[in-house]
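A.B. asks: Just so it is clear, I am handing over run20.pdb, which has PDB, C-alpha atoms and all ligand atoms.
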ATOM      1  CA  MET A   7      53.778  25.747  31.334
ATOM      2  CA  THR A   8      51.038  28.106  32.428
ATOM      3  CA  THR A   9      51.555  31.172  34.542
ATOM      4  CA  ALA A  10      50.274  30.179  37.967
ATOM      5  CA  VAL A  11      48.632  32.357  40.571
ATOM      6  CA  GLN A  12      51.092  33.755  43.067
ATOM      7  CA  GLN A  13      52.424  30.769  44.969
ATOM      8  CA  PRO A  14      54.034  30.970  48.403
ATOM      9  CA  LEU A  15      56.122  27.914  47.550
ATOM     10  CA  ALA A  16      58.450  27.014  44.712
ATOM     11  CA  SER A  17      57.127  24.236  42.513
ATOM     12  CA  GLU A  18      59.778  21.725  43.612
ATOM     13  CA  GLN A  19      58.842  22.442  47.228
ATOM     14  CA  ARG A  20      55.192  21.827  46.387
ATOM     15  CA  ASP A  21      56.168  18.519  44.791
ATOM     16  CA  MET A  22      58.009  17.493  47.946
ATOM     17  CA  ILE A  23      55.017  18.405  50.105
ATOM     18  CA  ARG A  24      52.624  16.625  47.769
ATOM     19  CA  ASP A  25      54.752  13.457  47.938
ATOM     20  CA  GLU A  26      54.825  13.698  51.708
ATOM     21  CA  LEU A  27      51.050  14.177  51.923
ATOM     22  CA  LEU A  28      50.356  11.323  49.539
ATOM     23  CA  ARG A  29      52.624   9.052  51.557
ATOM     24  CA  SER A  30      50.724   9.885  54.760
ATOM     25  CA  LEU A  31      47.461   9.369  52.919
ATOM     26  CA  THR A  32      48.483   5.884  51.766
ATOM     27  CA  ARG A  33      49.694   5.010  55.258
ATOM     28  CA  LEU A  34      46.430   6.176  56.819
ATOM     29  CA  GLU A  35      44.255   4.386  54.309
ATOM     30  CA  ARG A  36      46.137   1.162  54.904
ATOM     31  CA  SER A  37      45.779   1.530  58.670
ATOM     32  CA  MET A  38      42.074   2.387  58.408
ATOM     33  CA  LYS A  39      41.467  -0.628  56.242
ATOM     34  CA  ALA A  40      43.178  -2.841  58.831
ATOM     35  CA  ASN A  41      41.038  -1.351  61.600
ATOM     36  CA  GLY A  42      37.907  -1.746  59.517
ATOM     37  CA  LEU A  43      38.449  -5.488  59.633
ATOM     38  CA  ALA A  44      38.793  -5.408  63.422
ATOM     39  CA  VAL A  45      35.561  -3.434  63.776
ATOM     40  CA  ARG A  46      33.542  -6.097  62.007
ATOM     41  CA  PRO A  47      31.280  -7.666  64.672
ATOM     42  CA  ARG A  48      32.043 -11.198  65.714
ATOM     43  CA  ASP A  49      29.615 -14.064  65.916
ATOM     44  CA  LEU A  50      28.980 -14.415  69.615
ATOM     45  CA  GLU A  51      27.632 -17.448  71.395
ATOM     46  CA  GLN A  52      25.083 -17.178  74.177
ATOM     47  CA  ASP A  53      27.097 -19.056  76.830
ATOM     48  CA  THR A  54      29.214 -17.437  79.562
ATOM     49  CA  VAL A  55      32.365 -17.522  77.508
ATOM     50  CA  GLY A  56      30.454 -15.919  74.684
ATOM     51  CA  ARG A  57      29.103 -13.179  76.939
ATOM     52  CA  LEU A  58      32.557 -12.469  78.316
ATOM     53  CA  SER A  59      34.082 -12.212  74.897
ATOM     54  CA  ARG A  60      31.207  -9.954  73.868
ATOM     55  CA  VAL A  61      32.227  -7.448  76.575
ATOM     56  CA  GLU A  62      35.833  -7.656  75.442
ATOM     57  CA  ALA A  63      34.789  -7.250  71.856
ATOM     58  CA  LEU A  64      32.770  -4.146  72.708
ATOM     59  CA  GLN A  65      35.680  -2.665  74.654
ATOM     60  CA  SER A  66      38.134  -3.200  71.853
ATOM     61  CA  GLN A  67      35.586  -1.847  69.385
ATOM     62  CA  GLY A  68      35.366   1.332  71.474
ATOM     63  CA  LEU A  69      39.129   1.763  71.263
ATOM     64  CA  THR A  70      39.120   1.056  67.576
ATOM     65  CA  LYS A  71      36.385   3.631  67.045
ATOM     66  CA  THR A  72      38.348   6.342  68.858
ATOM     67  CA  LEU A  73      41.372   5.500  66.778
ATOM     68  CA  ALA A  74      39.317   5.416  63.599
ATOM     69  CA  ALA A  75      37.815   8.831  64.386
ATOM     70  CA  ARG A  76      41.289  10.272  64.884
ATOM     71  CA  GLU A  77      42.503   8.740  61.664
ATOM     72  CA  GLN A  78      39.427  10.010  59.859
ATOM     73  CA  ALA A  79      40.125  13.555  61.073
ATOM     74  CA  GLN A  80      43.745  13.253  60.021
ATOM     75  CA  LEU A  81      42.691  11.968  56.632
ATOM     76  CA  GLU A  82      40.438  14.980  56.132
ATOM     77  CA  GLN A  83      43.281  17.341  57.067
ATOM     78  CA  ILE A  84      45.564  15.705  54.534
ATOM     79  CA  VAL A  85      42.934  15.810  51.801
ATOM     80  CA  ALA A  86      42.280  19.492  52.622
ATOM     81  CA  ALA A  87      46.026  20.210  52.433
ATOM     82  CA  LEU A  88      46.251  18.496  49.039
ATOM     83  CA  ARG A  89      43.317  20.588  47.847
ATOM     84  CA  ARG A  90      45.006  23.817  49.030
ATOM     85  CA  LEU A  91      48.121  22.665  47.235
ATOM     86  CA  GLU A  92      46.148  22.324  44.000
ATOM     87  CA  GLU A  93      44.385  25.649  44.524
ATOM     88  CA  GLY A  94      47.646  27.432  45.232
ATOM     89  CA  THR A  95      46.603  28.581  48.689
ATOM     90  CA  TYR A  96      48.855  26.082  50.418
ATOM     91  CA  GLY A  97      51.658  27.321  52.659
ATOM     92  CA  SER A  98      50.161  30.531  53.970
ATOM     93  CA  CYS A  99      49.041  30.843  57.572
ATOM     94  CA  ASN A 100      45.299  30.834  58.214
ATOM     95  CA  CYS A 101      45.709  33.282  61.102
ATOM     96  CA  CYS A 102      48.219  35.943  60.065
ATOM     97  CA  GLY A 103      48.317  35.212  56.341
ATOM     98  CA  GLY A 104      52.102  34.970  56.403
ATOM     99  CA  ALA A 105      54.080  32.191  54.747
ATOM    100  CA  ILE A 106      54.519  29.040  56.826
ATOM    101  CA  PRO A 107      58.246  28.145  56.949
ATOM    102  CA  MET A 108      59.235  25.203  54.769
ATOM    103  CA  GLU A 109      60.813  23.372  57.740
ATOM    104  CA  ARG A 110      57.444  23.396  59.504
ATOM    105  CA  LEU A 111      55.598  22.239  56.397
ATOM    106  CA  MET A 112      57.959  19.307  55.996
ATOM    107  CA  ILE A 113      57.203  18.177  59.558
ATOM    108  CA  TYR A 114      53.490  19.038  59.613
ATOM    109  CA  PRO A 115      52.469  19.115  55.946
ATOM    110  CA  GLU A 116      48.773  19.328  56.902
ATOM    111  CA  THR A 117      49.211  22.349  59.186
ATOM    112  CA  LEU A 118      47.093  25.464  58.658
ATOM    113  CA  SER A 119      49.105  27.980  60.645
ATOM    114  CA  CYS A 120      52.666  29.162  61.158
ATOM    115  CA  SER A 121      54.591  28.260  64.312
ATOM    116  CA  VAL A 122      54.029  31.763  65.742
ATOM    117  CA  CYS A 123      50.246  31.483  65.516
ATOM    118  CA  ALA A 124      49.962  27.696  65.848
ATOM    119  CA  CYS A 125      46.264  28.260  66.454
ATOM    120  CA  ARG A 126      45.487  25.003  64.741
ATOM    121  CA  ALA A 127      48.340  22.540  64.917
TER     122      ALA A 127
HETATM  123 ZN    ZN A 201      50.595  32.879  61.438
END
Do you think you could lay out the structure here as structure tokens?
Ligand SMILES: [Zn+2]

C.D. replies:
Amino acid sequence: MTTAVQQPLASEQRDMIRDELLRSLTRLERSMKANGLAVRPRDLEQDTVGRLSRVEALQSQGLTKTLAAREQAQLEQIVAALRRLEEGTYGSCNCCGGAIPMERLMIYPETLSCSVCACRA
């Protein structure tokens, strides 16, 4: 065992958070993969029915894109949290520099601020 940099969290707490983050990551990746299939453009015929389904396809693609963008952002937050966890900077508030309470981290493991600041939920 190496002497780590000063950590705001005990190592077993970090393990719990890491598990939680990895679980969310897997869930997100699975969901994004499923949406990726839905985004794939359909073969559309030139008749009226085809044109109608093209409009519907575009509408549902728009929804899927919004969802995908949200999931992408969430994915980046989780990856960033995992990186902070590795770097040993995880668990301290980005605003006041104080320690983020464990209860909050268990609910929002990707959070960057404590519940007092909550400047970036
Ligand atoms: Zn704070």

A.B. asks: I'd like to know which of A:Leu34, A:Met22, A:Ala105, A:Cys123 is closest to A:Arg76, using all atoms listed in the file.

C.D. replies: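 Nearest candidate to A:Arg76 out of A:Leu34, A:Met22, A:Ala105, A:Cys123: A:Leu34.
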
A.B. asks: So which residues are near ligand ZN 201 (chain A), meaning at most 10 Å away with only C-alpha atoms and all ligand atoms counted, given back as a PyMOL selection string?

C.D. replies: chain A and resi 98-106+118-126

A.B. asks: How would the residues just chosen look if you wrote them out with C-alpha atoms as a short mmCIF file (atom, residue, chain, number, x, y, z; two decimals), keeping the file's coordinate frame?

C.D. replies:
data_model
loop_
_atom_site.label_atom_id
_atom_site.label_comp_id
_atom_site.auth_asym_id
_atom_site.auth_seq_id
_atom_site.Cartn_x
_atom_site.Cartn_y
_atom_site.Cartn_z
CA SER A 98 50.16 30.53 53.97
CA CYS A 99 49.04 30.84 57.57
CA ASN A 100 45.30 30.83 58.21
CA CYS A 101 45.71 33.28 61.10
CA CYS A 102 48.22 35.94 60.06
CA GLY A 103 48.32 35.21 56.34
CA GLY A 104 52.10 34.97 56.40
CA ALA A 105 54.08 32.19 54.75
CA ILE A 106 54.52 29.04 56.83
CA LEU A 118 47.09 25.46 58.66
CA SER A 119 49.10 27.98 60.64
CA CYS A 120 52.67 29.16 61.16
CA SER A 121 54.59 28.26 64.31
CA VAL A 122 54.03 31.76 65.74
CA CYS A 123 50.25 31.48 65.52
CA ALA A 124 49.96 27.70 65.85
CA CYS A 125 46.26 28.26 66.45
CA ARG A 126 45.49 25.00 64.74
#

A.B. asks: To one decimal place, how far is atom CA of A:Met108 from atom CA of A:Leu88 in Å?

C.D. replies: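 Separation of atom CA of A:Met108 and atom CA of A:Leu88: 15.7 Å.
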
A.B. asks: Nearest to A:Arg24: which of A:Thr95, A:Glu109, A:Arg89, A:Gln65 is it, counting all atoms listed in the file?

C.D. replies: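 Residue with the minimum atom-to-atom distance to A:Arg24: A:Arg89.
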
A.B. asks: Between atom CA of A:Ile23 and atom CA of A:Met112, what is the spacing in Å?

C.D. replies: 6.6 Å

A.B. asks: Record the distance separating atom CA of A:Glu77 and atom CA of A:Leu58, expressed in Å with one decimal.

C.D. replies: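 Computed distance, atom CA of A:Glu77 to atom CA of A:Leu58, equals 28.7 Å.
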